[in-house]
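For reference, the structure is listed below as structure tokens.
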Amino acid sequence: MAAASPSLTPTPTNVKASGDINVGIGEMYIFSSEDKQVYSEEFGSCVAVVVHRKDTGAGMLCHLERWQYDSEATFEKGDKGKQSFPDMWNECLRKIGPGDIEMWLFGSFPKPEGEGRDILGQKFRGILKVQDKRGDNKWKLTSISYEPKSKLLSVCGDTTKKEEP
């Protein structure tokens with residue numbers, strides 16, 4: 001079964017349901033094809049990353065803080081214990097194994113400009129296709145959810161004026 005394109009909804013939507021898995025700010029969750037829906041909310045200047053195997057639906061949802069995707073951003077003391085995206089990806093690949101893997105990137109603002117700043121713009125071993133939708137919308141990213149069994153990806157936003165990061 002081919003992966004579904006994301007449902008882009010530029011309106012506030014409640015994505016969570018009882019038993020769903022919430023991914024916190026600066027964190028990631030590696031899911032199997034049997035897991036319930038995973039979701040994350042309240043993005044601001046953060047970036048949402050969904051990586052999944054197109055055949056099984058297994059993968060990872062990340063809610064990345066600025067220092068996790070922009071090499072010039074400052075790492076704060078409160079971020080201790082959180083992983084960089086390359087470390088998150090390596091852990092995910094070990095758990096889900098190689099396959100036809102796709103990565104989706106979402107954020108309210110364009111990717112960082114400048115030589116080497118965009119950590120997510122690097123090539124990552126095992127990822128065959130990247131869909132980079134950061135800054136493509138005219139709305140502020142508010143939430144994202146992914147349902148592994150159906151491979152349904154939903155991205156929600158708010159059409160009110162965005163603030164610059």
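Here's how to read the names in the structure tokens: chain A, B, ... by the order shown, residue numbers from 1 in each chain, ligand numbers from 1 in the order shown.
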For the interface of segment 23-117 of chain A with segment 129-135 of chain A (cut-off 10 Å, counting only C-alpha atoms), please tabulate each contacting residue of segment 23-117 of chain A alongside its nearest pair of atoms and their separation in Å to one decimal, rows sorted by chain and increasing number, as a tab-separated table.
residue	atom	partner	partner_atom	distance
A:Val47	CA	A:Arg134	CA	7.8
A:Ala48	CA	A:Arg134	CA	9.0
A:Val49	CA	A:Asp132	CA	9.4
A:Val50	CA	A:Gln131	CA	9.8
A:Val51	CA	A:Val130	CA	9.0
A:Asp100	CA	A:Lys129	CA	8.4
A:Ile101	CA	A:Lys129	CA	6.8
A:Glu102	CA	A:Lys129	CA	4.8
A:Met103	CA	A:Val130	CA	4.8
A:Trp104	CA	A:Gln131	CA	4.7
A:Leu105	CA	A:Asp132	CA	4.8
A:Phe106	CA	A:Arg134	CA	4.7
A:Gly107	CA	A:Arg134	CA	4.4
A:Ser108	CA	A:Gly135	CA	5.1
A:Phe109	CA	A:Gly135	CA	4.2
A:Pro110	CA	A:Gly135	CA	4.1
A:Lys111	CA	A:Arg134	CA	6.1
A:Pro112	CA	A:Arg134	CA	9.8
### Task
Write out as a VMD selection string the residues lying within 12 Å of Glu76 of chain A, counting only C-alpha atoms and excluding same-chain residues fewer than 2 positions away.
chain A and resid 26 65 to 68 73 to 74 78 to 82
Writing out the chosen residues with N, CA, C and O atoms as a PDB file, in the first residue's frame:
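Full text of again_7.pdb as output:
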ATOM      1  N   GLY A  26      11.064  18.930  21.556  1.00  0.00           N
ATOM      2  CA  GLY A  26      12.449  18.487  21.569  1.00  0.00           C
ATOM      3  C   GLY A  26      12.608  16.979  21.636  1.00  0.00           C
ATOM      4  O   GLY A  26      13.718  16.475  21.769  1.00  0.00           O
ATOM      5  N   GLU A  65      13.248  21.280  18.355  1.00  0.00           N
ATOM      6  CA  GLU A  65      13.517  22.659  18.728  1.00  0.00           C
ATOM      7  C   GLU A  65      14.551  23.226  17.760  1.00  0.00           C
ATOM      8  O   GLU A  65      15.223  22.481  17.043  1.00  0.00           O
ATOM      9  N   ARG A  66      14.674  24.536  17.773  1.00  0.00           N
ATOM     10  CA  ARG A  66      15.545  25.199  16.808  1.00  0.00           C
ATOM     11  C   ARG A  66      16.974  24.637  16.800  1.00  0.00           C
ATOM     12  O   ARG A  66      17.538  24.390  15.741  1.00  0.00           O
ATOM     13  N   TRP A  67      17.589  24.393  17.961  1.00  0.00           N
ATOM     14  CA  TRP A  67      18.967  23.899  17.992  1.00  0.00           C
ATOM     15  C   TRP A  67      19.100  22.505  17.375  1.00  0.00           C
ATOM     16  O   TRP A  67      20.184  22.098  16.969  1.00  0.00           O
ATOM     17  N   GLN A  68      17.979  21.775  17.255  1.00  0.00           N
ATOM     18  CA  GLN A  68      18.014  20.429  16.692  1.00  0.00           C
ATOM     19  C   GLN A  68      17.961  20.436  15.163  1.00  0.00           C
ATOM     20  O   GLN A  68      18.206  19.395  14.551  1.00  0.00           O
ATOM     21  N   ALA A  73      21.804  27.785  16.018  1.00  0.00           N
ATOM     22  CA  ALA A  73      20.949  28.057  17.180  1.00  0.00           C
ATOM     23  C   ALA A  73      21.649  27.608  18.460  1.00  0.00           C
ATOM     24  O   ALA A  73      22.480  26.705  18.453  1.00  0.00           O
ATOM     25  N   THR A  74      21.279  28.231  19.563  1.00  0.00           N
ATOM     26  CA  THR A  74      21.908  27.974  20.847  1.00  0.00           C
ATOM     27  C   THR A  74      21.244  26.811  21.573  1.00  0.00           C
ATOM     28  O   THR A  74      20.025  26.735  21.682  1.00  0.00           O
ATOM     29  N   GLY A  78      18.291  23.632  29.602  1.00  0.00           N
ATOM     30  CA  GLY A  78      17.091  22.802  29.753  1.00  0.00           C
ATOM     31  C   GLY A  78      16.973  21.718  28.693  1.00  0.00           C
ATOM     32  O   GLY A  78      16.129  20.836  28.794  1.00  0.00           O
ATOM     33  N   ASP A  79      17.812  21.787  27.668  1.00  0.00           N
ATOM     34  CA  ASP A  79      17.767  20.808  26.585  1.00  0.00           C
ATOM     35  C   ASP A  79      18.643  19.590  26.860  1.00  0.00           C
ATOM     36  O   ASP A  79      18.698  18.669  26.060  1.00  0.00           O
ATOM     37  N   LYS A  80      19.338  19.588  28.007  1.00  0.00           N
ATOM     38  CA  LYS A  80      20.229  18.477  28.344  1.00  0.00           C
ATOM     39  C   LYS A  80      19.444  17.168  28.353  1.00  0.00           C
ATOM     40  O   LYS A  80      18.346  17.096  28.882  1.00  0.00           O
ATOM     41  N   GLY A  81      20.008  16.164  27.751  1.00  0.00           N
ATOM     42  CA  GLY A  81      19.358  14.865  27.676  1.00  0.00           C
ATOM     43  C   GLY A  81      18.559  14.665  26.397  1.00  0.00           C
ATOM     44  O   GLY A  81      18.166  13.543  26.083  1.00  0.00           O
ATOM     45  N   LYS A  82      18.312  15.736  25.651  1.00  0.00           N
ATOM     46  CA  LYS A  82      17.604  15.618  24.376  1.00  0.00           C
ATOM     47  C   LYS A  82      18.623  15.313  23.277  1.00  0.00           C
ATOM     48  O   LYS A  82      19.770  15.723  23.349  1.00  0.00           O
TER      49      LYS A  82
END
### Task
Would you list, as a PyMOL selection string, the residues of segment 49-149 of chain A that end up in strand (DSSP E) under DSSP run on this structure's backbone?
chain A and resi 49-53+59-64+101-107+127-132+140-147
Restricting the output to N, CA and C atoms, write the selected residues as a short mmCIF file (atom, residue, chain, number, x, y, z; two decimals), in the first residue's frame.
data_model
loop_
_atom_site.label_atom_id
_atom_site.label_comp_id
_atom_site.auth_asym_id
_atom_site.auth_seq_id
_atom_site.Cartn_x
_atom_site.Cartn_y
_atom_site.Cartn_z
N VAL A 49 8.91 16.50 12.12
CA VAL A 49 9.52 15.55 11.19
C VAL A 49 8.80 14.22 11.34
N VAL A 50 8.33 13.68 10.22
CA VAL A 50 7.76 12.33 10.20
C VAL A 50 8.60 11.52 9.23
N VAL A 51 9.15 10.42 9.74
CA VAL A 51 9.91 9.48 8.92
C VAL A 51 9.15 8.17 9.00
N HIS A 52 8.90 7.54 7.83
CA HIS A 52 8.19 6.26 7.89
C HIS A 52 8.61 5.36 6.74
N ARG A 53 8.50 4.07 7.02
CA ARG A 53 8.68 3.06 5.97
C ARG A 53 7.36 2.99 5.22
N GLY A 59 8.01 3.99 11.90
CA GLY A 59 8.85 5.16 11.71
C GLY A 59 9.02 5.97 12.98
N MET A 60 9.06 7.29 12.80
CA MET A 60 9.36 8.19 13.92
C MET A 60 8.70 9.55 13.68
N LEU A 61 8.19 10.13 14.78
CA LEU A 61 7.70 11.51 14.77
C LEU A 61 8.60 12.30 15.70
N CYS A 62 9.10 13.44 15.21
CA CYS A 62 9.96 14.32 16.02
C CYS A 62 9.33 15.70 16.10
N HIS A 63 9.51 16.34 17.24
CA HIS A 63 9.12 17.73 17.47
C HIS A 63 10.43 18.45 17.81
N LEU A 64 11.08 19.00 16.79
CA LEU A 64 12.43 19.53 16.94
C LEU A 64 12.45 21.00 17.33
N ILE A 101 12.07 4.30 2.71
CA ILE A 101 11.83 5.25 3.80
C ILE A 101 11.69 6.66 3.26
N GLU A 102 10.66 7.34 3.74
CA GLU A 102 10.35 8.70 3.31
C GLU A 102 10.35 9.61 4.54
N MET A 103 10.80 10.86 4.35
CA MET A 103 10.82 11.84 5.44
C MET A 103 10.02 13.07 5.00
N TRP A 104 9.11 13.51 5.88
CA TRP A 104 8.32 14.72 5.69
C TRP A 104 8.76 15.75 6.72
N LEU A 105 8.98 16.99 6.29
CA LEU A 105 9.38 18.09 7.17
C LEU A 105 8.33 19.19 7.09
N PHE A 106 7.87 19.65 8.25
CA PHE A 106 6.87 20.72 8.31
C PHE A 106 7.28 21.76 9.33
N GLY A 107 7.04 23.01 9.01
CA GLY A 107 7.32 24.10 9.92
C GLY A 107 6.68 25.37 9.38
N ILE A 127 17.29 7.13 4.04
CA ILE A 127 16.11 7.92 3.65
C ILE A 127 16.15 8.11 2.14
N LEU A 128 15.16 7.56 1.45
CA LEU A 128 15.15 7.58 -0.01
C LEU A 128 14.48 8.82 -0.59
N LYS A 129 13.52 9.38 0.14
CA LYS A 129 12.78 10.53 -0.39
C LYS A 129 12.50 11.51 0.73
N VAL A 130 12.70 12.81 0.45
CA VAL A 130 12.43 13.86 1.43
C VAL A 130 11.41 14.82 0.85
N GLN A 131 10.35 15.07 1.62
CA GLN A 131 9.32 16.05 1.26
C GLN A 131 9.47 17.21 2.24
N ASP A 132 10.10 18.29 1.80
CA ASP A 132 10.37 19.43 2.69
C ASP A 132 9.31 20.50 2.47
N LYS A 140 0.41 29.11 10.31
CA LYS A 140 1.29 28.67 11.39
C LYS A 140 0.97 27.21 11.74
N LEU A 141 1.99 26.35 11.72
CA LEU A 141 1.83 24.95 12.09
C LEU A 141 1.41 24.85 13.55
N THR A 142 0.33 24.13 13.80
CA THR A 142 -0.15 23.97 15.18
C THR A 142 -0.08 22.53 15.67
N SER A 143 -0.29 21.56 14.79
CA SER A 143 -0.25 20.17 15.22
C SER A 143 -0.01 19.24 14.04
N ILE A 144 0.44 18.05 14.38
CA ILE A 144 0.66 17.02 13.37
C ILE A 144 0.30 15.69 14.00
N SER A 145 -0.21 14.76 13.20
CA SER A 145 -0.49 13.42 13.69
C SER A 145 -0.22 12.41 12.58
N TYR A 146 0.13 11.20 13.00
CA TYR A 146 0.38 10.11 12.05
C TYR A 146 -0.19 8.84 12.64
N GLU A 147 -0.94 8.12 11.82
CA GLU A 147 -1.56 6.85 12.23
C GLU A 147 -0.85 5.74 11.47
#
Excluding Asp87 of chain A and its own-chain neighbours fewer than 6 positions away, which residues fall within 12 Å of it when counting only C-alpha atoms? Please give them as a CSV table (one decimal) with N, CA and C atoms, in the first residue's frame.
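As a result, selection.csv now contains:
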chain,number,residue,atom,x,y,z
A,27,GLU,N,11.5,16.3,21.5
A,27,GLU,CA,11.5,14.8,21.7
A,27,GLU,C,11.2,14.1,20.4
A,28,MET,N,11.3,12.8,20.4
A,28,MET,CA,10.9,11.9,19.3
A,28,MET,C,10.2,10.7,19.9
A,62,CYS,N,9.1,13.4,15.2
A,62,CYS,CA,10.0,14.3,16.0
A,62,CYS,C,9.3,15.7,16.1
A,68,GLN,N,18.0,21.8,17.3
A,68,GLN,CA,18.0,20.4,16.7
A,68,GLN,C,18.0,20.4,15.2
A,81,GLY,N,20.0,16.2,27.8
A,81,GLY,CA,19.4,14.9,27.7
A,81,GLY,C,18.6,14.7,26.4
A,93,LEU,N,16.5,4.1,12.7
A,93,LEU,CA,16.9,3.2,11.6
A,93,LEU,C,17.3,1.8,12.2
A,94,ARG,N,17.9,1.8,13.3
A,94,ARG,CA,18.3,0.6,14.0
A,94,ARG,C,17.0,-0.2,14.4
A,119,ILE,N,20.4,21.5,9.4
A,119,ILE,CA,20.8,20.1,9.7
A,119,ILE,C,19.9,19.1,9.0
A,124,PHE,N,20.7,11.7,4.9
A,124,PHE,CA,20.7,10.7,6.0
A,124,PHE,C,20.6,9.3,5.4
A,125,ARG,N,21.5,8.4,5.8
A,125,ARG,CA,21.6,7.0,5.3
A,125,ARG,C,20.2,6.4,5.5
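Proximity to Ser45 of chain A was assessed for A:Phe31, A:Asp70, A:Pro86, A:Ala58 counting only C-alpha atoms; the smallest distance is recorded for A:Asp70.
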### Task
Name the residues of chain A that come out as helix (DSSP H, G or I) in a backbone DSSP run; write them as an MDAnalysis selection string.
chainID A and resid 66:69 77:79 85:96 119:121
### Query
So how many Å separate atom CA of Arg117 of chain A and atom CA of Gly44 of chain A, to one decimal?
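Going from atom CA of Arg117 of chain A over to atom CA of Gly44 of chain A, I get 19.0 Å.
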### Query
At what distance in Å, to one decimal, does atom CA of Glu113 of chain A lie from atom CA of Glu42 of chain A?
23.6 Å
### Query
Using only C-alpha atoms, which residue out of A:Cys46, A:Cys156, A:Lys123, A:Tyr69 lies closest to Lys138 of chain A?
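With only C-alpha atoms as the atom set, the closest residue is A:Cys156.
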